Every structure is written in structure tokens, then in C-alpha cells.
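Chemist: Input structure: upload-v3.pdb, which contains PDB, C-alpha atoms, pLDDT in the B column.
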MODEL        1
ATOM      1  CA  MET Z   1     140.902 115.091 111.131  1.00 49.00           C
ATOM      2  CA  SER Z   2     139.629 112.995 108.227  1.00 54.00           C
ATOM      3  CA  ASP Z   3     136.004 113.221 107.094  1.00 67.00           C
ATOM      4  CA  ARG Z   4     135.219 109.793 108.564  1.00 65.00           C
ATOM      5  CA  ALA Z   5     136.928 110.610 111.865  1.00 68.00           C
ATOM      6  CA  ALA Z   6     134.969 113.854 112.004  1.00 68.00           C
ATOM      7  CA  GLU Z   7     131.748 111.928 111.403  1.00 69.00           C
ATOM      8  CA  ALA Z   8     132.498 109.536 114.275  1.00 64.00           C
ATOM      9  CA  HIS Z   9     133.441 112.451 116.521  1.00 60.00           C
ATOM     10  CA  MET Z  10     130.147 114.196 115.751  1.00 65.00           C
ATOM     11  CA  TRP Z  11     128.065 111.139 116.684  1.00 60.00           C
ATOM     12  CA  ASN Z  12     130.125 110.503 119.817  1.00 57.00           C
ATOM     13  CA  GLU Z  13     129.612 114.086 120.978  1.00 69.00           C
ATOM     14  CA  MET Z  14     125.892 113.886 120.284  1.00 65.00           C
ATOM     15  CA  TYR Z  15     125.434 110.712 122.314  1.00 61.00           C
ATOM     16  CA  ALA Z  16     127.738 111.871 125.116  1.00 61.00           C
ATOM     17  CA  SER Z  17     125.695 115.076 125.509  1.00 58.00           C
ATOM     18  CA  THR Z  18     122.762 113.272 127.145  1.00 63.00           C
ATOM     19  CA  GLU Z  19     122.058 110.108 129.098  1.00 65.00           C
ATOM     20  CA  HIS Z  20     119.394 108.931 126.633  1.00 66.00           C
ATOM     21  CA  PHE Z  21     119.091 110.385 123.140  1.00 56.00           C
ATOM     22  CA  TRP Z  22     116.385 108.055 121.782  1.00 54.00           C
ATOM     23  CA  SER Z  23     113.359 106.485 123.458  1.00 60.00           C
ATOM     24  CA  GLY Z  24     115.087 103.160 124.122  1.00 61.00           C
ATOM     25  CA  GLU Z  25     112.185 101.291 122.557  1.00 82.00           C
ATOM     26  CA  ALA Z  26     112.089  99.371 119.280  1.00 93.00           C
ATOM     27  CA  ASN Z  27     110.893 101.321 116.257  1.00 90.00           C
ATOM     28  CA  THR Z  28     107.134 100.932 115.919  1.00 92.00           C
ATOM     29  CA  ALA Z  29     107.250 100.390 112.151  1.00 94.00           C
ATOM     30  CA  LEU Z  30     109.897  97.687 112.543  1.00 97.00           C
ATOM     31  CA  VAL Z  31     107.837  95.823 115.130  1.00 97.00           C
ATOM     32  CA  GLY Z  32     104.808  95.891 112.845  1.00 96.00           C
ATOM     33  CA  GLU Z  33     106.764  94.458 109.926  1.00 97.00           C
ATOM     34  CA  VAL Z  34     108.811  91.716 111.610  1.00 97.00           C
ATOM     35  CA  ALA Z  35     106.843  90.594 114.690  1.00 96.00           C
ATOM     36  CA  ASP Z  36     105.501  87.562 112.794  1.00 96.00           C
ATOM     37  CA  LEU Z  37     108.907  86.420 111.477  1.00 98.00           C
ATOM     38  CA  PRO Z  38     110.478  83.350 113.111  1.00 97.00           C
ATOM     39  CA  PRO Z  39     113.625  84.218 115.098  1.00 98.00           C
ATOM     40  CA  GLY Z  40     116.865  83.767 113.228  1.00 98.00           C
ATOM     41  CA  ARG Z  41     119.998  85.758 112.514  1.00 98.00           C
ATOM     42  CA  VAL Z  42     119.462  89.510 112.354  1.00 98.00           C
ATOM     43  CA  LEU Z  43     121.857  92.309 111.422  1.00 98.00           C
ATOM     44  CA  ASP Z  44     120.936  95.717 112.881  1.00 98.00           C
ATOM     45  CA  LEU Z  45     122.671  98.496 110.928  1.00 98.00           C
ATOM     46  CA  GLY Z  46     123.190 101.790 112.746  1.00 93.00           C
ATOM     47  CA  CYS Z  47     121.861 100.349 115.999  1.00 94.00           C
ATOM     48  CA  GLY Z  48     122.274 103.498 118.119  1.00 89.00           C
ATOM     49  CA  GLU Z  49     121.352 102.922 121.759  1.00 89.00           C
ATOM     50  CA  GLY Z  50     120.171  99.422 120.932  1.00 94.00           C
ATOM     51  CA  GLY Z  51     116.391  99.632 121.235  1.00 95.00           C
ATOM     52  CA  ASP Z  52     115.799  97.386 118.230  1.00 97.00           C
ATOM     53  CA  ALA Z  53     118.669  95.025 119.056  1.00 98.00           C
ATOM     54  CA  LEU Z  54     117.354  94.474 122.578  1.00 97.00           C
ATOM     55  CA  TRP Z  55     113.852  93.829 121.252  1.00 98.00           C
ATOM     56  CA  PHE Z  56     115.186  91.206 118.860  1.00 98.00           C
ATOM     57  CA  ALA Z  57     117.335  89.486 121.497  1.00 98.00           C
ATOM     58  CA  GLU Z  58     114.439  89.298 123.941  1.00 98.00           C
ATOM     59  CA  ARG Z  59     112.512  87.370 121.287  1.00 98.00           C
ATOM     60  CA  GLY Z  60     115.179  84.793 120.587  1.00 98.00           C
ATOM     61  CA  TRP Z  61     116.989  86.334 117.625  1.00 98.00           C
ATOM     62  CA  GLN Z  62     120.757  85.987 117.209  1.00 98.00           C
ATOM     63  CA  VAL Z  63     121.672  89.662 116.969  1.00 98.00           C
ATOM     64  CA  THR Z  64     124.626  91.425 115.404  1.00 98.00           C
ATOM     65  CA  ALA Z  65     124.333  95.169 116.014  1.00 98.00           C
ATOM     66  CA  VAL Z  66     126.560  97.703 114.277  1.00 97.00           C
ATOM     67  CA  ASP Z  67     127.256 101.369 114.865  1.00 94.00           C
ATOM     68  CA  LEU Z  68     129.952 103.930 114.145  1.00 90.00           C
ATOM     69  CA  SER Z  69     130.015 105.378 117.671  1.00 87.00           C
ATOM     70  CA  PRO Z  70     131.886 103.561 120.468  1.00 90.00           C
ATOM     71  CA  VAL Z  71     130.128 105.832 122.964  1.00 87.00           C
ATOM     72  CA  VAL Z  72     126.670 104.615 122.007  1.00 89.00           C
ATOM     73  CA  LEU Z  73     127.783 101.000 121.653  1.00 94.00           C
ATOM     74  CA  GLU Z  74     129.047 101.010 125.231  1.00 92.00           C
ATOM     75  CA  ARG Z  75     125.693 102.405 126.356  1.00 92.00           C
ATOM     76  CA  ALA Z  76     123.805  99.738 124.403  1.00 94.00           C
ATOM     77  CA  ARG Z  77     126.090  96.982 125.698  1.00 95.00           C
ATOM     78  CA  ALA Z  78     125.415  98.059 129.288  1.00 94.00           C
ATOM     79  CA  ARG Z  79     121.649  97.925 128.704  1.00 93.00           C
ATOM     80  CA  ALA Z  80     121.948  94.422 127.266  1.00 97.00           C
ATOM     81  CA  THR Z  81     124.039  93.266 130.228  1.00 97.00           C
ATOM     82  CA  GLU Z  82     121.436  94.636 132.655  1.00 95.00           C
ATOM     83  CA  ARG Z  83     118.802  92.488 130.919  1.00 96.00           C
ATOM     84  CA  GLY Z  84     120.988  89.405 130.657  1.00 97.00           C
ATOM     85  CA  LEU Z  85     120.935  89.497 126.841  1.00 98.00           C
ATOM     86  CA  SER Z  86     123.668  88.236 124.525  1.00 97.00           C
ATOM     87  CA  ILE Z  87     124.221  90.534 121.529  1.00 98.00           C
ATOM     88  CA  ARG Z  88     127.227  90.821 119.242  1.00 98.00           C
ATOM     89  CA  TRP Z  89     128.124  94.523 119.172  1.00 98.00           C
ATOM     90  CA  ARG Z  90     130.371  95.715 116.340  1.00 97.00           C
ATOM     91  CA  GLU Z  91     132.008  99.130 115.949  1.00 94.00           C
ATOM     92  CA  ILE Z  92     132.006  99.549 112.167  1.00 94.00           C
ATOM     93  CA  ASP Z  93     131.928 102.542 109.858  1.00 91.00           C
ATOM     94  CA  LEU Z  94     129.496 101.304 107.221  1.00 95.00           C
ATOM     95  CA  ALA Z  95     130.836 103.871 104.770  1.00 91.00           C
ATOM     96  CA  THR Z  96     134.076 101.884 104.560  1.00 92.00           C
ATOM     97  CA  ASP Z  97     133.348  98.407 105.939  1.00 96.00           C
ATOM     98  CA  PHE Z  98     130.531  95.889 106.355  1.00 97.00           C
ATOM     99  CA  PRO Z  99     129.977  92.841 108.615  1.00 97.00           C
ATOM    100  CA  ASP Z 100     130.612  89.374 107.225  1.00 96.00           C
ATOM    101  CA  GLY Z 101     128.008  86.647 107.087  1.00 97.00           C
ATOM    102  CA  GLU Z 102     124.465  85.939 105.919  1.00 98.00           C
ATOM    103  CA  TYR Z 103     121.362  86.933 107.857  1.00 98.00           C
ATOM    104  CA  ASP Z 104     117.689  86.006 107.877  1.00 98.00           C
ATOM    105  CA  LEU Z 105     116.856  89.670 108.431  1.00 98.00           C
ATOM    106  CA  VAL Z 106     118.877  92.794 107.755  1.00 98.00           C
ATOM    107  CA  SER Z 107     117.397  95.914 109.318  1.00 98.00           C
ATOM    108  CA  ALA Z 108     118.353  99.475 108.371  1.00 98.00           C
ATOM    109  CA  GLN Z 109     116.310 101.872 110.490  1.00 95.00           C
ATOM    110  CA  PHE Z 110     116.638 105.548 109.600  1.00 90.00           C
ATOM    111  CA  LEU Z 111     120.135 105.168 108.198  1.00 89.00           C
ATOM    112  CA  HIS Z 112     120.641 108.885 107.595  1.00 79.00           C
ATOM    113  CA  SER Z 113     123.511 111.191 108.495  1.00 73.00           C
ATOM    114  CA  TRP Z 114     124.321 114.882 108.552  1.00 63.00           C
ATOM    115  CA  GLY Z 115     127.657 114.093 106.931  1.00 67.00           C
ATOM    116  CA  GLU Z 116     128.402 112.281 103.707  1.00 74.00           C
ATOM    117  CA  LEU Z 117     127.101 108.721 103.769  1.00 83.00           C
ATOM    118  CA  PRO Z 118     127.121 106.326 100.780  1.00 92.00           C
ATOM    119  CA  ARG Z 119     123.633 105.111 101.758  1.00 93.00           C
ATOM    120  CA  GLU Z 120     122.808 103.423  98.435  1.00 95.00           C
ATOM    121  CA  LYS Z 121     126.078 101.489  98.477  1.00 96.00           C
ATOM    122  CA  ILE Z 122     125.479 100.414 102.082  1.00 97.00           C
ATOM    123  CA  LEU Z 123     121.948  99.225 101.335  1.00 98.00           C
ATOM    124  CA  ARG Z 124     123.153  97.219  98.333  1.00 98.00           C
ATOM    125  CA  ARG Z 125     125.674  95.506 100.600  1.00 98.00           C
ATOM    126  CA  ALA Z 126     122.842  94.946 103.073  1.00 98.00           C
ATOM    127  CA  ALA Z 127     120.833  93.197 100.358  1.00 98.00           C
ATOM    128  CA  ASP Z 128     123.845  91.026  99.520  1.00 98.00           C
ATOM    129  CA  ALA Z 129     123.973  89.930 103.183  1.00 98.00           C
ATOM    130  CA  VAL Z 130     120.391  88.570 103.165  1.00 98.00           C
ATOM    131  CA  ALA Z 131     120.219  84.778 103.091  1.00 98.00           C
ATOM    132  CA  PRO Z 132     117.833  83.028 100.655  1.00 98.00           C
ATOM    133  CA  GLY Z 133     114.331  83.316 102.095  1.00 98.00           C
ATOM    134  CA  GLY Z 134     115.433  86.234 104.266  1.00 98.00           C
ATOM    135  CA  VAL Z 135     114.201  89.820 104.433  1.00 98.00           C
ATOM    136  CA  LEU Z 136     115.709  93.287 104.049  1.00 98.00           C
ATOM    137  CA  LEU Z 137     113.789  95.992 105.921  1.00 98.00           C
ATOM    138  CA  VAL Z 138     114.617  99.647 105.304  1.00 98.00           C
ATOM    139  CA  GLU Z 139     112.865 102.427 107.216  1.00 97.00           C
ATOM    140  CA  GLY Z 140     113.628 106.018 106.347  1.00 93.00           C
ATOM    141  CA  HIS Z 141     112.443 109.580 106.518  1.00 89.00           C
ATOM    142  CA  CYS Z 142     110.737 111.070 103.454  1.00 86.00           C
ATOM    143  CA  GLY Z 143     111.440 114.626 104.542  1.00 74.00           C
ATOM    144  CA  ARG Z 144     112.534 116.858 107.376  1.00 71.00           C
ATOM    145  CA  PRO Z 145     110.483 117.379 110.532  1.00 68.00           C
ATOM    146  CA  ALA Z 146     108.037 120.288 110.494  1.00 66.00           C
ATOM    147  CA  TRP Z 147     110.040 122.360 112.967  1.00 64.00           C
ATOM    148  CA  GLU Z 148     113.206 122.393 110.850  1.00 70.00           C
ATOM    149  CA  THR Z 149     113.787 124.847 108.003  1.00 66.00           C
ATOM    150  CA  ASP Z 150     116.203 122.769 105.931  1.00 61.00           C
ATOM    151  CA  PRO Z 151     119.377 123.114 108.042  1.00 56.00           C
ATOM    152  CA  HIS Z 152     121.087 120.353 106.009  1.00 59.00           C
ATOM    153  CA  PRO Z 153     120.188 121.089 102.383  1.00 60.00           C
ATOM    154  CA  ASP Z 154     122.546 118.432 101.006  1.00 65.00           C
ATOM    155  CA  VAL Z 155     120.754 115.558 102.764  1.00 72.00           C
ATOM    156  CA  HIS Z 156     118.404 113.741 100.389  1.00 79.00           C
ATOM    157  CA  PHE Z 157     115.473 111.739 101.753  1.00 86.00           C
ATOM    158  CA  PRO Z 158     114.557 109.201  99.048  1.00 92.00           C
ATOM    159  CA  THR Z 159     111.075 107.963  98.276  1.00 95.00           C
ATOM    160  CA  PRO Z 160     110.464 104.243  98.894  1.00 97.00           C
ATOM    161  CA  GLN Z 161     110.515 103.595  95.141  1.00 97.00           C
ATOM    162  CA  GLU Z 162     113.872 105.366  94.879  1.00 97.00           C
ATOM    163  CA  VAL Z 163     115.176 103.042  97.592  1.00 97.00           C
ATOM    164  CA  VAL Z 164     113.989  99.962  95.699  1.00 98.00           C
ATOM    165  CA  ASP Z 165     115.435 101.249  92.410  1.00 98.00           C
ATOM    166  CA  SER Z 166     118.790 102.034  94.033  1.00 97.00           C
ATOM    167  CA  LEU Z 167     119.145  98.421  95.232  1.00 98.00           C
ATOM    168  CA  ARG Z 168     119.432  97.211  91.610  1.00 97.00           C
ATOM    169  CA  LEU Z 169     117.713  93.948  92.453  1.00 96.00           C
ATOM    170  CA  PRO Z 170     118.238  91.115  89.932  1.00 94.00           C
ATOM    171  CA  ASP Z 171     115.036  90.040  88.192  1.00 93.00           C
ATOM    172  CA  GLY Z 172     113.386  86.965  89.672  1.00 95.00           C
ATOM    173  CA  GLU Z 173     115.510  86.913  92.816  1.00 97.00           C
ATOM    174  CA  TRP Z 174     113.534  89.252  95.079  1.00 98.00           C
ATOM    175  CA  ASP Z 175     109.922  89.893  96.020  1.00 98.00           C
ATOM    176  CA  VAL Z 176     108.990  93.448  97.018  1.00 98.00           C
ATOM    177  CA  LEU Z 177     106.578  93.000  99.932  1.00 98.00           C
ATOM    178  CA  VAL Z 178     106.185  96.644 100.974  1.00 98.00           C
ATOM    179  CA  CYS Z 179     107.132  99.876  99.200  1.00 98.00           C
ATOM    180  CA  ALA Z 180     105.125 102.669 100.787  1.00 97.00           C
ATOM    181  CA  GLU Z 181     105.036 105.900 102.754  1.00 95.00           C
ATOM    182  CA  HIS Z 182     103.290 106.191 106.112  1.00 90.00           C
ATOM    183  CA  GLU Z 183     102.635 108.814 108.761  1.00 87.00           C
ATOM    184  CA  ARG Z 184     104.304 108.752 112.165  1.00 82.00           C
ATOM    185  CA  THR Z 185     103.525 110.841 115.225  1.00 79.00           C
ATOM    186  CA  GLN Z 186     106.581 112.595 116.620  1.00 74.00           C
ATOM    187  CA  ARG Z 187     107.146 115.195 119.320  1.00 73.00           C
ATOM    188  CA  ASP Z 188     108.962 118.422 118.475  1.00 69.00           C
ATOM    189  CA  PRO Z 189     111.630 119.945 120.769  1.00 67.00           C
ATOM    190  CA  ASP Z 190     108.872 121.688 122.768  1.00 71.00           C
ATOM    191  CA  GLY Z 191     106.987 118.451 123.362  1.00 74.00           C
ATOM    192  CA  ASN Z 192     104.189 119.114 120.877  1.00 79.00           C
ATOM    193  CA  GLU Z 193     102.889 116.257 118.733  1.00 82.00           C
ATOM    194  CA  THR Z 194     103.574 116.570 115.002  1.00 78.00           C
ATOM    195  CA  THR Z 195     103.180 114.246 112.032  1.00 83.00           C
ATOM    196  CA  ARG Z 196     106.116 113.121 109.923  1.00 82.00           C
ATOM    197  CA  ILE Z 197     106.162 111.064 106.735  1.00 90.00           C
ATOM    198  CA  ASP Z 198     108.418 108.008 106.733  1.00 93.00           C
ATOM    199  CA  SER Z 199     108.908 105.171 104.269  1.00 95.00           C
ATOM    200  CA  THR Z 200     109.034 101.400 104.461  1.00 97.00           C
ATOM    201  CA  VAL Z 201     110.782  99.091 102.023  1.00 98.00           C
ATOM    202  CA  LYS Z 202     110.509  95.381 102.814  1.00 98.00           C
ATOM    203  CA  ILE Z 203     111.800  92.821 100.351  1.00 98.00           C
ATOM    204  CA  ARG Z 204     112.306  89.058 100.513  1.00 98.00           C
ATOM    205  CA  ARG Z 205     115.148  87.203  98.831  1.00 98.00           C
ATOM    206  CA  LEU Z 206     113.743  84.263  96.891  1.00 97.00           C
ATOM    207  CA  ARG Z 207     117.029  82.525  96.075  1.00 89.00           C
TER     208      ARG Z 207
ENDMDL
END
Please rewrite the model in this file as C-alpha cells.
Modeler:
Amino acid sequence: MSDRAAEAHMWNEMYASTEHFWSGEANTALVGEVADLPPGRVLDLGCGEGGDALWFAERGWQVTAVDLSPVVLERARARATERGLSIRWREIDLATDFPDGEYDLVSAQFLHSWGELPREKILRRAADAVAPGGVLLVEGHCGRPAWETDPHPDVHFPTPQEVVDSLRLPDGEWDVLVCAEHERTQRDPDGNETTRIDSTVKIRRLR
């Protein structure tokens, strides 16, 4: 089995192991950053069970949602059908391919992986897909949760400034709107509330 096939298999097994892996709701940080944007074309990278994609579609956005796992895409598609929402679901391995087109918003929410993932390359392609006047929003973890003791030592969680630097933005073409860390309340496997540090990078393409 190739490395990419193994990666897809891992995610499929994870999602197939439970009826709902995530909350099913849109990410709180995303909602806070984009709720005031006018609906347009949005690309949701690593959409998972579709919480963000559904939120966008319910508010009039034209949504393209991408994930590596056919298992989770089928689950997300079923949720959209139940709500009468039209979303373009795409099974794509972002490590090797990327959707065509330009978008008014490209959203990358917690685009991390236990396996090898060319995250910087993917985010640069995400920036290229933003239409003039559009926004790239990247949410990420700044470290591991408190209950873990570094089980994946090769996974790097970049600072927000490292994310901005890795995009290699041309001078005069982008405006950095947000580049900051923030706290988020999260429950550990035993149901106890803990605090985790995440990051937000929000940039607007000027031309």
C-alpha cells in the first residue's frame, strides 16, 4: 500500500469507527471571522463531516467541499440531503491534487494529519485559488492537547506568523487581517474541559 493510500485508509477507518466523530457544528473561530462576509463561492479544504460546509450552504454560499475520505464525504452528503442543501462534494487528496477555480473564500480548518502532509504547499495553492477581493482563512492548532504526551513527534504545529511566512505572499497583493493565537475550550476523552491554543490567519487578496 502506498503512503497516500495508507493515509486515506487511516482516515476512512477513523470515521467508520463511530457514527459521529466531530460535533457536526461549524467551527466557532470560523463563524466569528466570516459571519459578516457576503455569500459567494467558498472552498472548504478538509471538510470532514461537513459542519462548516453545511453552515455556509445554509447562508447562501456556493460551496465546494473537499476531503480525502470517501467514507466521511458520504456521511456529509447524506446530512446535506437531509437538509435540502446543494453542496459540491469532491474526493481529493490535497497532497497530490487541488480543485480548479477561483473562490471568494478559501477555508482551511485544522488541516493537520498524523501522516506526511505537504501543508505549506497546500496552503500556497489555497492562496492562489482566492479571487481578487477574496479571503483565505487558516485555522490551526499551536500545540497538542493537554492530555497527550507527544504521540506524534514529527507533527509540527506552526505559529500564525510561520503560516503567513510560508505563504510567500507577493508584496502589495495581500492584506493580513488577522495573525494571532487564541484560546479554545475543548473536552478531553473523559469529558473534562481543558484549554487549547489555536491560531488564526486571515488574509485578503487585494488584486
Chemist: Using the chain letters and residue numbers of this document, give as a count of residues only the residues selected by the PyMOL selection byres ((chain Z and resi 28-31) around 9).
Modeler: 17
Chemist: Name all residues at most 9 Å from Ala108 of chain Z (count only C-alpha atoms; drop same-chain ones fewer than 3 positions away) and give them as a CSV table (one decimal) with C-alpha atoms, in the coordinates of the input.
Modeler:
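After the write, selection-v7.csv holds the following:
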chain,number,residue,atom,x,y,z
Z,43,LEU,CA,121.9,92.3,111.4
Z,44,ASP,CA,120.9,95.7,112.9
Z,45,LEU,CA,122.7,98.5,110.9
Z,46,GLY,CA,123.2,101.8,112.7
Z,47,CYS,CA,121.9,100.3,116.0
Z,111,LEU,CA,120.1,105.2,108.2
Z,123,LEU,CA,121.9,99.2,101.3
Z,126,ALA,CA,122.8,94.9,103.1
Z,136,LEU,CA,115.7,93.3,104.0
Z,137,LEU,CA,113.8,96.0,105.9
Z,138,VAL,CA,114.6,99.6,105.3
Z,139,GLU,CA,112.9,102.4,107.2
Z,140,GLY,CA,113.6,106.0,106.3
Chemist: Report, in Å with one decimal, the straight-line distance from atom CA of Val164 of chain Z to atom CA of Val201 of chain Z.
Modeler: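 Answer for the atom CA of Val164 of chain Z to atom CA of Val201 of chain Z separation: 7.1 Å.
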Chemist: With the PyMOL selection byres ((chain Z and resi 66) around 10) as the selection, what would be picked from this file? Answer as a compact mmCIF listing (two decimals) with C-alpha atoms, in the coordinates of the input, please.
Modeler:
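Output contents, as saved in out.txt:
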# COMPACT_ATOMS: atom_id res chain seq x y z
CA LEU Z 43 121.86 92.31 111.42
CA ASP Z 44 120.94 95.72 112.88
CA LEU Z 45 122.67 98.50 110.93
CA GLY Z 46 123.19 101.79 112.75
CA CYS Z 47 121.86 100.35 116.00
CA GLY Z 48 122.27 103.50 118.12
CA GLY Z 50 120.17 99.42 120.93
CA ALA Z 53 118.67 95.02 119.06
CA VAL Z 63 121.67 89.66 116.97
CA THR Z 64 124.63 91.42 115.40
CA ALA Z 65 124.33 95.17 116.01
CA ASP Z 67 127.26 101.37 114.86
CA LEU Z 68 129.95 103.93 114.14
CA SER Z 69 130.01 105.38 117.67
CA LEU Z 73 127.78 101.00 121.65
CA ARG Z 88 127.23 90.82 119.24
CA TRP Z 89 128.12 94.52 119.17
CA ARG Z 90 130.37 95.72 116.34
CA GLU Z 91 132.01 99.13 115.95
CA ILE Z 92 132.01 99.55 112.17
CA ASP Z 93 131.93 102.54 109.86
CA LEU Z 94 129.50 101.30 107.22
CA PHE Z 98 130.53 95.89 106.36
CA PRO Z 99 129.98 92.84 108.62
Chemist: Just say which residues the PyMOL selection byres ((chain Z and resi 174) around 10) picks in this file, as a list in words.
Modeler: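 Expected selection for the PyMOL selection byres ((chain Z and resi 174) around 10) here is Ala127, Pro132, Gly133, Gly134, Val135, Leu169, Pro170, Asp171, Gly172, Glu173, Asp175, Val176, Leu177, Ile203, Arg204, Arg205, Leu206 and Arg207 of chain Z.
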Chemist: Identify which of the residues Z:Glu58, Z:Glu120, Z:Asp128, Z:Asp198 lies closest to Glu162 of chain Z, counting only C-alpha atoms when measuring atom-to-atom distances.
Modeler: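 With only C-alpha atoms as the atom set, the closest residue is Z:Glu120.
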Chemist: Could you check how far atom CA of Val42 of chain Z sits from atom CA of Phe110 of chain Z, in Å to one decimal?
Modeler: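 Atom CA of Val42 of chain Z sits 16.5 Å away from atom CA of Phe110 of chain Z.
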Chemist: Go through Z:Ser166, Z:Thr194, Z:Thr159, Z:Thr81 one by one, measure the shortest atom-to-atom distance of each to Lys121 of chain Z using only C-alpha atoms, and give the residue with the smallest value.
Modeler: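 Counting only C-alpha atoms, the residue closest to Lys121 of chain Z is Z:Ser166.
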Chemist: Given the choices Z:Gln186, Z:Ile122, Z:Arg196, Z:Gly191, which gets closest to Leu167 of chain Z if the distance is worked out from all atoms listed in the file?
Modeler: Z:Ile122
Chemist: Which one is closest to Thr185 of chain Z: Z:Ile87, Z:Ala76, Z:Ile197, Z:Pro70? Count only C-alpha atoms.
Modeler: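 With only C-alpha atoms as the atom set, the closest residue is Z:Ile197.
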Chemist: So how many Å separate atom CA of Val130 of chain Z and atom CA of Glu102 of chain Z, to one decimal?
Modeler: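 Between atom CA of Val130 of chain Z and atom CA of Glu102 of chain Z the gap is 5.6 Å.
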Chemist: Identify which of the residues Z:Gly51, Z:Gly101, Z:Gly60, Z:Pro158 lies closest to Ala80 of chain Z, counting only C-alpha atoms when measuring atom-to-atom distances.
Modeler: Z:Gly51
Chemist: Could N, CA and C atoms be built for segment 71-90 of chain Z and written out as a PDB file, keeping the file's coordinate frame?
Modeler:
ATOM      1  N   VAL Z  71     130.858 105.311 121.804  1.00 87.00           N
ATOM      2  CA  VAL Z  71     130.128 105.832 122.964  1.00 87.00           C
ATOM      3  C   VAL Z  71     128.754 105.188 123.069  1.00 87.00           C
ATOM      4  N   VAL Z  72     128.028 105.161 121.955  1.00 89.00           N
ATOM      5  CA  VAL Z  72     126.670 104.615 122.007  1.00 89.00           C
ATOM      6  C   VAL Z  72     126.685 103.089 122.105  1.00 89.00           C
ATOM      7  N   LEU Z  73     127.693 102.452 121.539  1.00 94.00           N
ATOM      8  CA  LEU Z  73     127.783 101.000 121.653  1.00 94.00           C
ATOM      9  C   LEU Z  73     128.014 100.577 123.104  1.00 94.00           C
ATOM     10  N   GLU Z  74     128.821 101.323 123.826  1.00 92.00           N
ATOM     11  CA  GLU Z  74     129.047 101.010 125.231  1.00 92.00           C
ATOM     12  C   GLU Z  74     127.751 101.175 126.028  1.00 92.00           C
ATOM     13  N   ARG Z  75     126.981 102.183 125.687  1.00 92.00           N
ATOM     14  CA  ARG Z  75     125.693 102.405 126.356  1.00 92.00           C
ATOM     15  C   ARG Z  75     124.742 101.242 126.052  1.00 92.00           C
ATOM     16  N   ALA Z  76     124.685 100.843 124.791  1.00 94.00           N
ATOM     17  CA  ALA Z  76     123.805  99.738 124.403  1.00 94.00           C
ATOM     18  C   ALA Z  76     124.253  98.439 125.051  1.00 94.00           C
ATOM     19  N   ARG Z  77     125.555  98.216 125.096  1.00 95.00           N
ATOM     20  CA  ARG Z  77     126.090  96.982 125.698  1.00 95.00           C
ATOM     21  C   ARG Z  77     125.713  96.906 127.183  1.00 95.00           C
ATOM     22  N   ALA Z  78     125.769  98.029 127.867  1.00 94.00           N
ATOM     23  CA  ALA Z  78     125.415  98.059 129.288  1.00 94.00           C
ATOM     24  C   ALA Z  78     123.937  97.729 129.480  1.00 94.00           C
ATOM     25  N   ARG Z  79     123.084  98.228 128.612  1.00 93.00           N
ATOM     26  CA  ARG Z  79     121.649  97.925 128.704  1.00 93.00           C
ATOM     27  C   ARG Z  79     121.395  96.434 128.483  1.00 93.00           C
ATOM     28  N   ALA Z  80     122.116  95.852 127.527  1.00 97.00           N
ATOM     29  CA  ALA Z  80     121.948  94.422 127.266  1.00 97.00           C
ATOM     30  C   ALA Z  80     122.410  93.591 128.459  1.00 97.00           C
ATOM     31  N   THR Z  81     123.522  93.986 129.068  1.00 97.00           N
ATOM     32  CA  THR Z  81     124.039  93.266 130.228  1.00 97.00           C
ATOM     33  C   THR Z  81     123.041  93.322 131.378  1.00 97.00           C
ATOM     34  N   GLU Z  82     122.437  94.488 131.587  1.00 95.00           N
ATOM     35  CA  GLU Z  82     121.436  94.636 132.655  1.00 95.00           C
ATOM     36  C   GLU Z  82     120.264  93.666 132.466  1.00 95.00           C
ATOM     37  N   ARG Z  83     119.943  93.371 131.204  1.00 96.00           N
ATOM     38  CA  ARG Z  83     118.802  92.488 130.919  1.00 96.00           C
ATOM     39  C   ARG Z  83     119.214  91.041 130.718  1.00 96.00           C
ATOM     40  N   GLY Z  84     120.509  90.773 130.828  1.00 97.00           N
ATOM     41  CA  GLY Z  84     120.988  89.405 130.657  1.00 97.00           C
ATOM     42  C   GLY Z  84     120.906  88.920 129.222  1.00 97.00           C
ATOM     43  N   LEU Z  85     121.071  89.838 128.256  1.00 98.00           N
ATOM     44  CA  LEU Z  85     120.935  89.497 126.841  1.00 98.00           C
ATOM     45  C   LEU Z  85     122.298  89.404 126.170  1.00 98.00           C
ATOM     46  N   SER Z  86     122.433  88.429 125.277  1.00 97.00           N
ATOM     47  CA  SER Z  86     123.668  88.236 124.525  1.00 97.00           C
ATOM     48  C   SER Z  86     123.502  88.812 123.123  1.00 97.00           C
ATOM     49  N   ILE Z  87     124.266  89.869 122.824  1.00 98.00           N
ATOM     50  CA  ILE Z  87     124.221  90.534 121.529  1.00 98.00           C
ATOM     51  C   ILE Z  87     125.654  90.770 121.067  1.00 98.00           C
ATOM     52  N   ARG Z  88     125.898  90.561 119.803  1.00 98.00           N
ATOM     53  CA  ARG Z  88     127.227  90.821 119.242  1.00 98.00           C
ATOM     54  C   ARG Z  88     127.276  92.276 118.782  1.00 98.00           C
ATOM     55  N   TRP Z  89     128.009  93.108 119.498  1.00 98.00           N
ATOM     56  CA  TRP Z  89     128.124  94.523 119.172  1.00 98.00           C
ATOM     57  C   TRP Z  89     129.374  94.752 118.345  1.00 98.00           C
ATOM     58  N   ARG Z  90     129.239  95.472 117.234  1.00 97.00           N
ATOM     59  CA  ARG Z  90     130.371  95.715 116.340  1.00 97.00           C
ATOM     60  C   ARG Z  90     130.517  97.208 116.054  1.00 97.00           C
TER      61      ARG Z  90
END
